[in-house]
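Student: Here it is, the structure in full.
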Amino acid sequence: MNLADNVVTTVTEIAKGDNVCFMKGNEHMILKAEENIPYCHKVALEPYRCSYQQGMLGKRS
């Protein structure tokens with residue numbers, strides 16, 4: 001994992017409330033899963049804010 005990364009990829013299914021353990025550099029990190037996470041999905045390591053510009057995503061004609 002690169003220290004600049006803000007996501008990790010799961011190597012097993014993780015249930016809501018389970019710990020998500022990963023290494024960031026030499027530091028062992030633990031987060032609690034806020035929802036079920038399927039195998040091989042990405043987990044955000046910090047709150048994610050969507051940068052939405054009106055007229056791009058979700059625009060209906």
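By convention in this document, the chains of the structure tokens carry letters A, B, ... by their order, each chain's residues are numbered from 1, and ligands are numbered from 1 in the order they are shown.
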Would you list the contacts of region 13-24 of chain A as a list in words, taking every protein, DNA or RNA residue within 9 Å and counting only C-alpha atoms, but skipping same-chain residues closer than 3 positions in sequence?
Tutor: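 The neighbour list is Met1, Asn2, Leu3, Asp5, Val8, Thr10, Glu27, His28, Met29, Ile30, Leu31, Lys32, Ala33, Glu34, Glu35, Asn36, Ile37, Pro38, Tyr39, Cys40, His41 and Val43 of chain A.
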Student: I need the chosen residues saved as a PDB file, in the first residue's frame, with N, CA, C and O atoms.
Tutor:
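part09.pdb, written as the output of this step:
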ATOM      1  N   MET A   1       0.843  -1.179   0.000  1.00  0.00           N
ATOM      2  CA  MET A   1       0.000   0.000   0.000  1.00  0.00           C
ATOM      3  C   MET A   1       0.888   1.241   0.000  1.00  0.00           C
ATOM      4  O   MET A   1       1.818   1.353   0.783  1.00  0.00           O
ATOM      5  N   ASN A   2       0.576   2.166  -0.879  1.00  0.00           N
ATOM      6  CA  ASN A   2       1.263   3.446  -0.928  1.00  0.00           C
ATOM      7  C   ASN A   2       0.709   4.334   0.184  1.00  0.00           C
ATOM      8  O   ASN A   2      -0.495   4.347   0.434  1.00  0.00           O
ATOM      9  N   LEU A   3       1.549   5.086   0.859  1.00  0.00           N
ATOM     10  CA  LEU A   3       1.089   5.945   1.957  1.00  0.00           C
ATOM     11  C   LEU A   3       0.068   6.980   1.508  1.00  0.00           C
ATOM     12  O   LEU A   3      -0.719   7.467   2.313  1.00  0.00           O
ATOM     13  N   ASP A   5      -2.385   6.328  -0.593  1.00  0.00           N
ATOM     14  CA  ASP A   5      -3.657   5.661  -0.881  1.00  0.00           C
ATOM     15  C   ASP A   5      -4.702   5.997   0.174  1.00  0.00           C
ATOM     16  O   ASP A   5      -4.387   6.131   1.354  1.00  0.00           O
ATOM     17  N   VAL A   8      -8.400   0.635   0.624  1.00  0.00           N
ATOM     18  CA  VAL A   8      -7.795  -0.696   0.629  1.00  0.00           C
ATOM     19  C   VAL A   8      -8.793  -1.642  -0.017  1.00  0.00           C
ATOM     20  O   VAL A   8      -9.990  -1.363  -0.064  1.00  0.00           O
ATOM     21  N   THR A  10     -10.518  -5.420  -0.004  1.00  0.00           N
ATOM     22  CA  THR A  10     -10.737  -6.541   0.903  1.00  0.00           C
ATOM     23  C   THR A  10     -10.244  -7.843   0.278  1.00  0.00           C
ATOM     24  O   THR A  10     -10.328  -8.032  -0.926  1.00  0.00           O
ATOM     25  N   GLU A  27       2.727   1.058  10.181  1.00  0.00           N
ATOM     26  CA  GLU A  27       1.693   1.180  11.209  1.00  0.00           C
ATOM     27  C   GLU A  27       0.530   0.233  10.937  1.00  0.00           C
ATOM     28  O   GLU A  27       0.003   0.169   9.830  1.00  0.00           O
ATOM     29  N   HIS A  28       0.119  -0.505  11.967  1.00  0.00           N
ATOM     30  CA  HIS A  28      -1.031  -1.404  11.875  1.00  0.00           C
ATOM     31  C   HIS A  28      -2.289  -0.591  12.169  1.00  0.00           C
ATOM     32  O   HIS A  28      -2.399   0.034  13.225  1.00  0.00           O
ATOM     33  N   MET A  29      -3.233  -0.573  11.237  1.00  0.00           N
ATOM     34  CA  MET A  29      -4.450   0.238  11.359  1.00  0.00           C
ATOM     35  C   MET A  29      -5.672  -0.667  11.489  1.00  0.00           C
ATOM     36  O   MET A  29      -5.695  -1.760  10.910  1.00  0.00           O
ATOM     37  N   ILE A  30      -6.679  -0.198  12.212  1.00  0.00           N
ATOM     38  CA  ILE A  30      -7.928  -0.948  12.361  1.00  0.00           C
ATOM     39  C   ILE A  30      -9.096   0.025  12.237  1.00  0.00           C
ATOM     40  O   ILE A  30      -9.121   1.066  12.901  1.00  0.00           O
ATOM     41  N   LEU A  31     -10.049  -0.310  11.374  1.00  0.00           N
ATOM     42  CA  LEU A  31     -11.304   0.434  11.230  1.00  0.00           C
ATOM     43  C   LEU A  31     -12.457  -0.530  11.465  1.00  0.00           C
ATOM     44  O   LEU A  31     -12.322  -1.730  11.257  1.00  0.00           O
ATOM     45  N   LYS A  32     -13.602  -0.014  11.863  1.00  0.00           N
ATOM     46  CA  LYS A  32     -14.794  -0.840  12.012  1.00  0.00           C
ATOM     47  C   LYS A  32     -15.661  -0.664  10.771  1.00  0.00           C
ATOM     48  O   LYS A  32     -15.949   0.461  10.374  1.00  0.00           O
ATOM     49  N   ALA A  33     -16.067  -1.777  10.166  1.00  0.00           N
ATOM     50  CA  ALA A  33     -16.905  -1.734   8.962  1.00  0.00           C
ATOM     51  C   ALA A  33     -18.282  -1.187   9.318  1.00  0.00           C
ATOM     52  O   ALA A  33     -18.928  -1.670  10.240  1.00  0.00           O
ATOM     53  N   GLU A  34     -18.732  -0.194   8.583  1.00  0.00           N
ATOM     54  CA  GLU A  34     -20.047   0.408   8.818  1.00  0.00           C
ATOM     55  C   GLU A  34     -21.147  -0.295   8.035  1.00  0.00           C
ATOM     56  O   GLU A  34     -22.322  -0.005   8.223  1.00  0.00           O
ATOM     57  N   GLU A  35     -20.766  -1.207   7.127  1.00  0.00           N
ATOM     58  CA  GLU A  35     -21.721  -1.992   6.360  1.00  0.00           C
ATOM     59  C   GLU A  35     -21.029  -3.263   5.888  1.00  0.00           C
ATOM     60  O   GLU A  35     -19.807  -3.381   6.012  1.00  0.00           O
ATOM     61  N   ASN A  36     -21.793  -4.216   5.386  1.00  0.00           N
ATOM     62  CA  ASN A  36     -21.204  -5.427   4.826  1.00  0.00           C
ATOM     63  C   ASN A  36     -20.366  -5.058   3.604  1.00  0.00           C
ATOM     64  O   ASN A  36     -20.781  -4.239   2.790  1.00  0.00           O
ATOM     65  N   ILE A  37     -19.190  -5.674   3.498  1.00  0.00           N
ATOM     66  CA  ILE A  37     -18.294  -5.390   2.380  1.00  0.00           C
ATOM     67  C   ILE A  37     -17.970  -6.705   1.679  1.00  0.00           C
ATOM     68  O   ILE A  37     -17.400  -7.608   2.295  1.00  0.00           O
ATOM     69  N   PRO A  38     -18.329  -6.842   0.411  1.00  0.00           N
ATOM     70  CA  PRO A  38     -18.045  -8.086  -0.321  1.00  0.00           C
ATOM     71  C   PRO A  38     -16.548  -8.289  -0.550  1.00  0.00           C
ATOM     72  O   PRO A  38     -15.760  -7.337  -0.521  1.00  0.00           O
ATOM     73  N   TYR A  39     -16.183  -9.531  -0.820  1.00  0.00           N
ATOM     74  CA  TYR A  39     -14.813  -9.888  -1.187  1.00  0.00           C
ATOM     75  C   TYR A  39     -14.340  -9.046  -2.367  1.00  0.00           C
ATOM     76  O   TYR A  39     -15.081  -8.804  -3.310  1.00  0.00           O
ATOM     77  N   CYS A  40     -13.144  -8.565  -2.295  1.00  0.00           N
ATOM     78  CA  CYS A  40     -12.450  -7.859  -3.372  1.00  0.00           C
ATOM     79  C   CYS A  40     -13.019  -6.462  -3.662  1.00  0.00           C
ATOM     80  O   CYS A  40     -12.790  -5.913  -4.730  1.00  0.00           O
ATOM     81  N   HIS A  41     -13.757  -5.882  -2.699  1.00  0.00           N
ATOM     82  CA  HIS A  41     -14.246  -4.515  -2.864  1.00  0.00           C
ATOM     83  C   HIS A  41     -13.316  -3.545  -2.151  1.00  0.00           C
ATOM     84  O   HIS A  41     -12.557  -3.921  -1.277  1.00  0.00           O
ATOM     85  N   VAL A  43     -12.429  -0.266   0.287  1.00  0.00           N
ATOM     86  CA  VAL A  43     -12.909   0.360   1.519  1.00  0.00           C
ATOM     87  C   VAL A  43     -12.248   1.723   1.630  1.00  0.00           C
ATOM     88  O   VAL A  43     -11.015   1.830   1.549  1.00  0.00           O
TER      89      VAL A  43
END
Student: I want to know what sits within 8 Å of Ala44 (chain A), based on only C-alpha atoms, with residues of the same chain fewer than 2 positions away left out; could you give that as number ranges by chain?
Tutor: A: 6-8, 42, 46-48
